[in-house]
$ cat structure.pdb   # PDB, C-alpha atoms, pLDDT in the B column
ATOM      1  CA  MET M   1     124.941 121.614  95.967  1.00 65.00           C
ATOM      2  CA  ARG M   2     127.524 119.206  94.554  1.00 70.00           C
ATOM      3  CA  ALA M   3     130.008 120.272  97.236  1.00 76.00           C
ATOM      4  CA  ALA M   4     127.466 119.811 100.038  1.00 69.00           C
ATOM      5  CA  ASP M   5     127.827 116.957 102.532  1.00 68.00           C
ATOM      6  CA  ILE M   6     124.113 117.032 103.311  1.00 69.00           C
ATOM      7  CA  VAL M   7     121.138 118.262 101.291  1.00 69.00           C
ATOM      8  CA  ALA M   8     117.774 118.592 103.028  1.00 72.00           C
ATOM      9  CA  LEU M   9     114.674 119.272 100.966  1.00 73.00           C
ATOM     10  CA  CYS M  10     111.776 120.589 103.012  1.00 75.00           C
ATOM     11  CA  SER M  11     108.389 121.637 101.767  1.00 84.00           C
ATOM     12  CA  PRO M  12     104.999 122.776 102.900  1.00 83.00           C
ATOM     13  CA  ILE M  13     102.182 120.476 101.800  1.00 82.00           C
ATOM     14  CA  TRP M  14      99.111 121.877 100.115  1.00 81.00           C
ATOM     15  CA  LEU M  15      96.318 119.585  98.941  1.00 78.00           C
ATOM     16  CA  GLY M  16      98.620 116.596  99.333  1.00 80.00           C
ATOM     17  CA  GLU M  17     101.372 117.998  97.131  1.00 83.00           C
ATOM     18  CA  LYS M  18     104.770 119.470  97.906  1.00 85.00           C
ATOM     19  CA  SER M  19     105.536 123.031  96.820  1.00 88.00           C
ATOM     20  CA  SER M  20     106.487 123.826  93.241  1.00 88.00           C
ATOM     21  CA  VAL M  21     109.920 125.011  94.439  1.00 88.00           C
ATOM     22  CA  CYS M  22     110.566 121.634  96.094  1.00 85.00           C
ATOM     23  CA  THR M  23     109.345 119.847  92.958  1.00 84.00           C
ATOM     24  CA  GLN M  24     111.661 121.917  90.786  1.00 85.00           C
ATOM     25  CA  ALA M  25     114.650 121.233  93.049  1.00 83.00           C
ATOM     26  CA  SER M  26     113.908 117.487  93.081  1.00 79.00           C
ATOM     27  CA  GLU M  27     113.574 117.369  89.308  1.00 78.00           C
ATOM     28  CA  ARG M  28     116.917 119.118  88.887  1.00 78.00           C
ATOM     29  CA  LEU M  29     118.629 116.796  91.351  1.00 74.00           C
ATOM     30  CA  TYR M  30     117.180 113.513  90.166  1.00 82.00           C
ATOM     31  CA  GLY M  31     115.782 114.131  86.696  1.00 79.00           C
ATOM     32  CA  VAL M  32     114.296 111.001  85.159  1.00 80.00           C
ATOM     33  CA  LYS M  33     114.302 109.070  88.463  1.00 83.00           C
ATOM     34  CA  TYR M  34     112.229 111.783  90.139  1.00 81.00           C
ATOM     35  CA  CYS M  35     109.687 111.869  87.318  1.00 83.00           C
ATOM     36  CA  ALA M  36     109.531 108.054  87.181  1.00 86.00           C
ATOM     37  CA  MET M  37     108.952 107.912  90.934  1.00 86.00           C
ATOM     38  CA  ASN M  38     105.863 110.089  90.666  1.00 85.00           C
ATOM     39  CA  ILE M  39     104.508 108.416  87.553  1.00 86.00           C
ATOM     40  CA  LEU M  40     105.066 104.851  88.775  1.00 87.00           C
ATOM     41  CA  TYR M  41     103.573 105.539  92.201  1.00 87.00           C
ATOM     42  CA  SER M  42     100.573 107.151  90.540  1.00 87.00           C
ATOM     43  CA  LEU M  43     100.078 104.008  88.452  1.00 86.00           C
ATOM     44  CA  GLN M  44     100.555 101.453  91.241  1.00 87.00           C
ATOM     45  CA  HIS M  45      98.255 103.183  93.690  1.00 84.00           C
ATOM     46  CA  PRO M  46      95.047 102.328  91.767  1.00 83.00           C
ATOM     47  CA  GLY M  47      96.318  98.804  91.091  1.00 82.00           C
ATOM     48  CA  TYR M  48      98.616  98.720  88.081  1.00 85.00           C
ATOM     49  CA  SER M  49     101.489  96.242  88.401  1.00 87.00           C
ATOM     50  CA  ILE M  50     104.922  97.807  88.183  1.00 88.00           C
ATOM     51  CA  PRO M  51     107.872  95.535  87.344  1.00 89.00           C
ATOM     52  CA  PRO M  52     111.318  96.073  88.840  1.00 89.00           C
ATOM     53  CA  GLN M  53     113.574  98.627  87.128  1.00 88.00           C
ATOM     54  CA  ALA M  54     110.556 100.113  85.403  1.00 87.00           C
ATOM     55  CA  ASP M  55     112.142 103.466  84.624  1.00 86.00           C
ATOM     56  CA  ALA M  56     114.389 104.457  81.746  1.00 83.00           C
ATOM     57  CA  GLY M  57     115.149 107.818  80.278  1.00 81.00           C
ATOM     58  CA  TRP M  58     117.622 109.962  78.473  1.00 79.00           C
ATOM     59  CA  MET M  59     118.270 113.502  79.578  1.00 76.00           C
ATOM     60  CA  GLY M  60     121.122 114.482  77.310  1.00 74.00           C
ATOM     61  CA  GLU M  61     122.568 117.814  78.326  1.00 65.00           C
ATOM     62  CA  ALA M  62     120.563 119.482  81.083  1.00 56.00           C
ATOM     63  CA  GLY M  63     118.153 122.081  79.793  1.00 58.00           C
ATOM     64  CA  PRO M  64     116.725 122.666  76.316  1.00 67.00           C
ATOM     65  CA  GLY M  65     118.543 120.855  73.598  1.00 74.00           C
ATOM     66  CA  SER M  66     118.296 118.022  71.157  1.00 80.00           C
ATOM     67  CA  SER M  67     115.821 115.196  71.537  1.00 82.00           C
ATOM     68  CA  TYR M  68     116.753 111.523  71.840  1.00 81.00           C
ATOM     69  CA  LEU M  69     116.542 110.708  68.120  1.00 84.00           C
ATOM     70  CA  ASP M  70     118.002 114.003  66.815  1.00 87.00           C
ATOM     71  CA  ALA M  71     121.149 113.587  64.748  1.00 90.00           C
ATOM     72  CA  GLY M  72     124.218 113.942  66.947  1.00 88.00           C
ATOM     73  CA  SER M  73     122.211 113.853  70.202  1.00 87.00           C
ATOM     74  CA  GLY M  74     123.986 110.737  71.468  1.00 86.00           C
ATOM     75  CA  GLY M  75     120.656 109.303  72.580  1.00 85.00           C
ATOM     76  CA  PRO M  76     120.621 106.078  70.569  1.00 89.00           C
ATOM     77  CA  GLU M  77     124.286 105.471  71.456  1.00 89.00           C
ATOM     78  CA  SER M  78     123.746 105.853  75.213  1.00 87.00           C
ATOM     79  CA  GLY M  79     124.759 102.517  76.764  1.00 90.00           C
ATOM     80  CA  PHE M  80     123.104 103.419  80.068  1.00 87.00           C
ATOM     81  CA  THR M  81     119.771 104.329  78.461  1.00 87.00           C
ATOM     82  CA  ASN M  82     119.794 101.309  76.158  1.00 90.00           C
ATOM     83  CA  ARG M  83     120.621  98.965  79.049  1.00 92.00           C
ATOM     84  CA  LYS M  84     117.890 100.444  81.270  1.00 90.00           C
ATOM     85  CA  THR M  85     115.381 100.272  78.402  1.00 89.00           C
ATOM     86  CA  THR M  86     116.280  96.615  77.776  1.00 93.00           C
ATOM     87  CA  PHE M  87     115.916  95.694  81.459  1.00 93.00           C
ATOM     88  CA  ARG M  88     112.625  97.577  81.678  1.00 90.00           C
ATOM     89  CA  THR M  89     111.246  95.929  78.549  1.00 90.00           C
ATOM     90  CA  TRP M  90     112.135  92.371  79.624  1.00 93.00           C
ATOM     91  CA  ASN M  91     110.779  92.929  83.137  1.00 92.00           C
ATOM     92  CA  LEU M  92     107.564  94.376  81.717  1.00 89.00           C
ATOM     93  CA  LEU M  93     107.123  91.400  79.390  1.00 90.00           C
ATOM     94  CA  HIS M  94     107.878  89.001  82.242  1.00 92.00           C
ATOM     95  CA  ILE M  95     105.357  90.533  84.647  1.00 90.00           C
ATOM     96  CA  ALA M  96     102.743  90.733  81.884  1.00 90.00           C
ATOM     97  CA  ARG M  97     103.139  86.983  81.232  1.00 91.00           C
ATOM     98  CA  LEU M  98     103.036  86.170  84.962  1.00 91.00           C
ATOM     99  CA  MET M  99      99.904  88.261  85.452  1.00 88.00           C
ATOM    100  CA  LYS M 100      98.169  86.833  82.389  1.00 89.00           C
ATOM    101  CA  ASP M 101      98.975  83.237  83.367  1.00 92.00           C
ATOM    102  CA  ALA M 102      97.794  83.832  86.949  1.00 90.00           C
ATOM    103  CA  ARG M 103      94.725  85.783  85.751  1.00 88.00           C
ATOM    104  CA  GLY M 104      95.865  88.773  87.845  1.00 86.00           C
ATOM    105  CA  PHE M 105      96.741  89.024  91.502  1.00 83.00           C
ATOM    106  CA  SER M 106      95.085  86.734  93.979  1.00 80.00           C
ATOM    107  CA  VAL M 107      92.501  88.479  96.123  1.00 78.00           C
ATOM    108  CA  ARG M 108      93.647  86.432  99.128  1.00 74.00           C
ATOM    109  CA  GLY M 109      94.590  88.825 101.886  1.00 75.00           C
ATOM    110  CA  ASN M 110      92.957  91.789 100.170  1.00 79.00           C
ATOM    111  CA  GLN M 111      89.323  91.288 101.114  1.00 82.00           C
ATOM    112  CA  ARG M 112      88.259  93.645 103.857  1.00 84.00           C
ATOM    113  CA  ALA M 113      84.970  91.842 104.458  1.00 87.00           C
ATOM    114  CA  LEU M 114      86.853  88.634 105.314  1.00 83.00           C
ATOM    115  CA  LEU M 115      89.246  90.458 107.614  1.00 80.00           C
ATOM    116  CA  ASP M 116      86.323  92.211 109.322  1.00 85.00           C
ATOM    117  CA  ALA M 117      84.649  88.818 109.733  1.00 84.00           C
ATOM    118  CA  GLY M 118      87.660  87.590 111.677  1.00 78.00           C
ATOM    119  CA  CYS M 119      89.562  85.757 108.983  1.00 75.00           C
ATOM    120  CA  GLY M 120      93.206  86.593 109.354  1.00 67.00           C
ATOM    121  CA  PHE M 121      94.452  84.411 106.514  1.00 68.00           C
ATOM    122  CA  ASP M 122      96.122  81.967 108.869  1.00 68.00           C
ATOM    123  CA  VAL M 123      96.747  84.631 111.497  1.00 63.00           C
ATOM    124  CA  ALA M 124      94.101  85.339 114.110  1.00 59.00           C
ATOM    125  CA  ASN M 125      92.527  88.803 114.058  1.00 58.00           C
ATOM    126  CA  PRO M 126      93.200  90.090 117.595  1.00 61.00           C
ATOM    127  CA  SER M 127      89.936  92.050 117.665  1.00 64.00           C
ATOM    128  CA  THR M 128      87.908  88.926 116.865  1.00 59.00           C
ATOM    129  CA  ALA M 129      89.998  86.224 118.554  1.00 54.00           C
ATOM    130  CA  SER M 130      86.888  84.236 119.488  1.00 53.00           C
ATOM    131  CA  ARG M 131      85.925  83.734 115.824  1.00 50.00           C
ATOM    132  CA  ARG M 132      87.258  80.848 113.772  1.00 48.00           C
ATOM    133  CA  ARG M 133      90.318  81.571 111.667  1.00 47.00           C
ATOM    134  CA  THR M 134      90.421  80.931 107.925  1.00 47.00           C
ATOM    135  CA  HIS M 135      92.285  77.628 108.200  1.00 47.00           C
ATOM    136  CA  ASP M 136      89.921  76.406 110.954  1.00 47.00           C
ATOM    137  CA  ARG M 137      86.774  76.558 108.859  1.00 47.00           C
ATOM    138  CA  GLU M 138      85.413  74.055 106.408  1.00 48.00           C
ATOM    139  CA  PRO M 139      86.841  74.302 102.863  1.00 50.00           C
ATOM    140  CA  GLY M 140      84.570  76.129 100.447  1.00 51.00           C
ATOM    141  CA  ARG M 141      82.496  77.700 103.233  1.00 48.00           C
ATOM    142  CA  SER M 142      82.451  81.457 103.534  1.00 46.00           C
ATOM    143  CA  PRO M 143      82.710  82.999 107.003  1.00 48.00           C
ATOM    144  CA  ILE M 144      80.434  85.761 105.754  1.00 47.00           C
ATOM    145  CA  PRO M 145      76.693  85.022 105.901  1.00 46.00           C
ATOM    146  CA  GLY M 146      75.522  84.643 102.313  1.00 47.00           C
ATOM    147  CA  GLY M 147      79.139  84.923 101.072  1.00 47.00           C
ATOM    148  CA  GLY M 148      80.753  82.804  98.405  1.00 46.00           C
ATOM    149  CA  SER M 149      83.429  80.161  98.658  1.00 45.00           C
ATOM    150  CA  ASP M 150      87.199  80.816  98.719  1.00 42.00           C
TER     151      ASP M 150
END
$ encode --input "structure.pdb" --output "C-alpha coordinates"
Amino acid sequence: MRAADIVALCSPIWLGEKSSVCTQASERLYGVKYCAMNILYSLQHPGYSIPPQADAGWMGEAGPGSSYLDAGSGGPESGFTNRKTTFRTWNLLHIARLMKDARGFSVRGNQRALLDAGCGFDVANPSTASRRRTHDREPGRSPIPGGGSD
(Lines of atoms letter the chains of each structure in order from A and count residues from 1; the text may use other names and numbers.)
(Lines give C-alpha, C1' and ligand atoms only; values in the text may rest on other atoms or scores of the structure.)
Protein backbone atom coordinates (compact mmCIF):
# COMPACT_ATOMS: atom_id res chain seq x y z
CA MET A 1 0.00 0.00 0.00
CA ARG A 2 2.93 2.36 0.56
CA ALA A 3 3.65 2.37 -3.18
CA ALA A 4 0.02 3.10 -4.08
CA ASP A 5 -0.99 6.49 -5.48
CA ILE A 6 -4.56 6.03 -4.29
CA VAL A 7 -6.04 3.91 -1.50
CA ALA A 8 -9.81 3.50 -1.34
CA LEU A 9 -11.38 1.87 1.70
CA CYS A 10 -14.91 0.66 1.09
CA SER A 11 -17.15 -1.16 3.50
CA PRO A 12 -20.62 -2.50 3.94
CA ILE A 13 -22.46 -1.00 6.90
CA TRP A 14 -24.20 -3.22 9.41
CA LEU A 15 -25.98 -1.73 12.42
CA GLY A 16 -24.24 1.58 11.81
CA GLU A 17 -20.73 0.13 11.84
CA LYS A 18 -18.23 -0.57 9.09
CA SER A 19 -16.99 -4.13 8.58
CA SER A 20 -14.31 -5.61 10.80
CA VAL A 21 -12.00 -5.93 7.77
CA CYS A 22 -12.33 -2.19 7.06
CA THR A 23 -11.74 -1.43 10.75
CA GLN A 24 -8.62 -3.58 10.78
CA ALA A 25 -7.26 -1.92 7.63
CA SER A 26 -7.93 1.57 9.04
CA GLU A 27 -6.24 0.72 12.33
CA ARG A 28 -3.16 -0.55 10.51
CA LEU A 29 -3.00 2.53 8.30
CA TYR A 30 -3.64 5.17 10.93
CA GLY A 31 -3.01 3.53 14.29
CA VAL A 32 -3.50 5.93 17.19
CA LYS A 33 -5.23 8.58 15.03
CA TYR A 34 -7.85 6.06 13.92
CA CYS A 35 -8.55 4.91 17.47
CA ALA A 36 -8.63 8.51 18.75
CA MET A 37 -11.09 9.46 16.01
CA ASN A 38 -13.57 6.84 17.15
CA ILE A 39 -13.11 7.48 20.85
CA LEU A 40 -13.29 11.28 20.59
CA TYR A 41 -16.35 11.22 18.33
CA SER A 42 -18.03 8.81 20.73
CA LEU A 43 -17.38 11.24 23.58
CA GLN A 44 -18.44 14.44 21.79
CA HIS A 45 -21.67 13.02 20.44
CA PRO A 46 -23.41 12.88 23.86
CA GLY A 47 -21.99 16.29 24.78
CA TYR A 48 -18.46 16.00 26.13
CA SER A 49 -16.19 18.89 25.14
CA ILE A 50 -13.14 17.86 23.16
CA PRO A 51 -10.20 20.29 23.02
CA PRO A 52 -8.04 20.67 19.92
CA GLN A 53 -5.21 18.15 19.47
CA ALA A 54 -6.87 15.85 21.96
CA ASP A 55 -5.10 12.69 20.85
CA ALA A 56 -1.67 11.39 21.80
CA GLY A 57 -0.24 7.93 21.66
CA TRP A 58 2.82 5.82 21.29
CA MET A 59 2.82 2.80 19.06
CA GLY A 60 6.44 1.75 19.21
CA GLU A 61 7.16 -0.98 16.70
CA ALA A 62 4.02 -2.22 14.97
CA GLY A 63 2.65 -5.39 16.49
CA PRO A 64 3.25 -7.01 19.88
CA GLY A 65 6.21 -5.65 21.71
CA SER A 66 7.26 -3.56 24.64
CA SER A 67 4.93 -1.14 26.37
CA TYR A 68 5.55 2.60 26.71
CA LEU A 69 7.31 2.45 30.09
CA ASP A 70 9.25 -0.80 29.49
CA ALA A 71 13.01 -0.42 29.73
CA GLY A 72 14.49 0.24 26.30
CA SER A 73 11.07 0.81 24.66
CA GLY A 74 11.91 4.37 23.63
CA GLY A 75 8.48 5.50 24.79
CA PRO A 76 9.49 8.10 27.38
CA GLU A 77 12.15 9.46 25.00
CA SER A 78 9.73 9.92 22.08
CA GLY A 79 9.76 13.64 21.26
CA PHE A 80 6.63 13.32 19.12
CA THR A 81 4.63 11.55 21.84
CA ASN A 82 5.84 13.89 24.58
CA ARG A 83 5.02 16.96 22.47
CA LYS A 84 1.54 15.66 21.59
CA THR A 85 0.90 14.75 25.24
CA THR A 86 1.97 18.24 26.35
CA PHE A 87 -0.27 19.96 23.78
CA ARG A 88 -3.18 17.70 24.70
CA THR A 89 -2.73 18.31 28.42
CA TRP A 90 -2.55 22.12 28.12
CA ASN A 91 -5.54 22.22 25.76
CA LEU A 92 -7.53 20.00 28.11
CA LEU A 93 -6.71 22.22 31.08
CA HIS A 94 -7.57 25.32 29.06
CA ILE A 95 -10.96 24.05 27.91
CA ALA A 96 -11.75 22.79 31.42
CA ARG A 97 -11.09 26.29 32.83
CA LEU A 98 -13.13 27.95 30.06
CA MET A 99 -16.05 25.58 30.62
CA LYS A 100 -15.94 25.95 34.40
CA ASP A 101 -15.78 29.75 34.23
CA ALA A 102 -18.65 29.87 31.71
CA ARG A 103 -20.64 27.24 33.67
CA GLY A 104 -20.74 25.05 30.53
CA PHE A 105 -21.90 25.83 27.03
CA SER A 106 -24.62 28.36 26.48
CA VAL A 107 -27.93 26.81 25.52
CA ARG A 108 -28.53 29.67 23.08
CA GLY A 109 -29.15 28.19 19.66
CA ASN A 110 -29.64 24.69 21.04
CA GLN A 111 -33.23 24.84 22.22
CA ARG A 112 -35.56 23.08 19.83
CA ALA A 113 -38.69 24.44 21.50
CA LEU A 114 -37.54 28.01 20.77
CA LEU A 115 -36.69 27.19 17.18
CA ASP A 116 -40.07 25.47 16.74
CA ALA A 117 -41.73 28.56 18.20
CA GLY A 118 -40.18 30.67 15.46
CA CYS A 119 -37.16 32.07 17.24
CA GLY A 120 -34.24 31.92 14.88
CA PHE A 121 -31.71 33.52 17.21
CA ASP A 122 -31.53 36.68 15.15
CA VAL A 123 -32.35 34.86 11.92
CA ALA A 124 -35.97 34.40 10.90
CA ASN A 125 -37.27 30.83 10.74
CA PRO A 126 -38.53 30.55 7.14
CA SER A 127 -41.34 28.19 8.15
CA THR A 128 -42.67 30.68 10.71
CA ALA A 129 -41.78 34.00 9.06
CA SER A 130 -44.93 35.65 10.41
CA ARG A 131 -43.85 35.10 14.04
CA ARG A 132 -41.65 37.58 15.87
CA ARG A 133 -37.94 36.84 15.86
CA THR A 134 -35.90 36.57 19.06
CA HIS A 135 -34.47 40.09 18.85
CA ASP A 136 -37.93 41.56 18.12
CA ARG A 137 -39.53 40.43 21.36
CA GLU A 138 -39.42 42.03 24.76
CA PRO A 139 -36.35 41.15 26.88
CA GLY A 140 -37.02 38.47 29.47
CA ARG A 141 -40.23 37.32 27.77
CA SER A 142 -40.41 33.79 26.48
CA PRO A 143 -41.99 33.18 23.07
CA ILE A 144 -43.26 29.89 24.44
CA PRO A 145 -46.54 30.06 26.39
CA GLY A 146 -45.67 29.37 30.02
CA GLY A 147 -41.93 29.36 29.15
CA GLY A 148 -39.17 31.00 31.13
CA SER A 149 -37.04 34.00 30.35
CA ASP A 150 -33.85 33.97 28.23
$ atom_distance --input "structure.pdb" --atom1 "atom CA of Gln53 of chain M" --atom2 "atom CA of Gly31 of chain M"
15.7 Å
$ atom_distance --input "structure.pdb" --atom1 "atom CA of Gly57 of chain M" --atom2 "atom CA of Thr81 of chain M"
6.1 Å
$ resolve_selection --input "structure.pdb" --expression "the PyMOL selection byres ((chain M and resi 25) around 12)" --output "PDB file with C-alpha atoms, in the coordinates of the input"
ATOM      1  CA  MET M   1     124.941 121.614  95.967  1.00 65.00           C
ATOM      2  CA  VAL M   7     121.138 118.262 101.291  1.00 69.00           C
ATOM      3  CA  ALA M   8     117.774 118.592 103.028  1.00 72.00           C
ATOM      4  CA  LEU M   9     114.674 119.272 100.966  1.00 73.00           C
ATOM      5  CA  CYS M  10     111.776 120.589 103.012  1.00 75.00           C
ATOM      6  CA  SER M  11     108.389 121.637 101.767  1.00 84.00           C
ATOM      7  CA  LYS M  18     104.770 119.470  97.906  1.00 85.00           C
ATOM      8  CA  SER M  19     105.536 123.031  96.820  1.00 88.00           C
ATOM      9  CA  SER M  20     106.487 123.826  93.241  1.00 88.00           C
ATOM     10  CA  VAL M  21     109.920 125.011  94.439  1.00 88.00           C
ATOM     11  CA  CYS M  22     110.566 121.634  96.094  1.00 85.00           C
ATOM     12  CA  THR M  23     109.345 119.847  92.958  1.00 84.00           C
ATOM     13  CA  GLN M  24     111.661 121.917  90.786  1.00 85.00           C
ATOM     14  CA  SER M  26     113.908 117.487  93.081  1.00 79.00           C
ATOM     15  CA  GLU M  27     113.574 117.369  89.308  1.00 78.00           C
ATOM     16  CA  ARG M  28     116.917 119.118  88.887  1.00 78.00           C
ATOM     17  CA  LEU M  29     118.629 116.796  91.351  1.00 74.00           C
ATOM     18  CA  TYR M  30     117.180 113.513  90.166  1.00 82.00           C
ATOM     19  CA  GLY M  31     115.782 114.131  86.696  1.00 79.00           C
ATOM     20  CA  TYR M  34     112.229 111.783  90.139  1.00 81.00           C
TER      21      TYR M  34
END
$ atom_distance --input "structure.pdb" --atom1 "atom CA of Leu15 of chain M" --atom2 "atom CA of Met37 of chain M"
19.0 Å
$ residues_around --input "structure.pdb" --residues "Tyr68 of chain M" --least-positions-apart "5" --cutoff "10 Å" --atoms "only C-alpha atoms" --output "list of chain:residue names"
M:Gly57, M:Trp58, M:Met59, M:Gly60, M:Ser73, M:Gly74, M:Gly75, M:Pro76, M:Glu77, M:Ser78
$ resolve_selection --input "structure.pdb" --expression "the PyMOL selection byres ((chain M and resi 49) around 10)" --output "list in words"
Leu40, Leu43, Gln44, His45, Pro46, Gly47, Tyr48, Ile50, Pro51, Pro52, Leu92, Ile95, Ala96, Met99, Gly104 and Phe105 of chain M
$ axis_aligned_box --input "structure.pdb" --around "segment 46-61 of chain M" --padding-each-side "3 Å" --output "JSON"
{"center_x": 108.8, "center_y": 106.7, "center_z": 84.5, "size_x": 33.5, "size_y": 28.3, "size_z": 20.5}
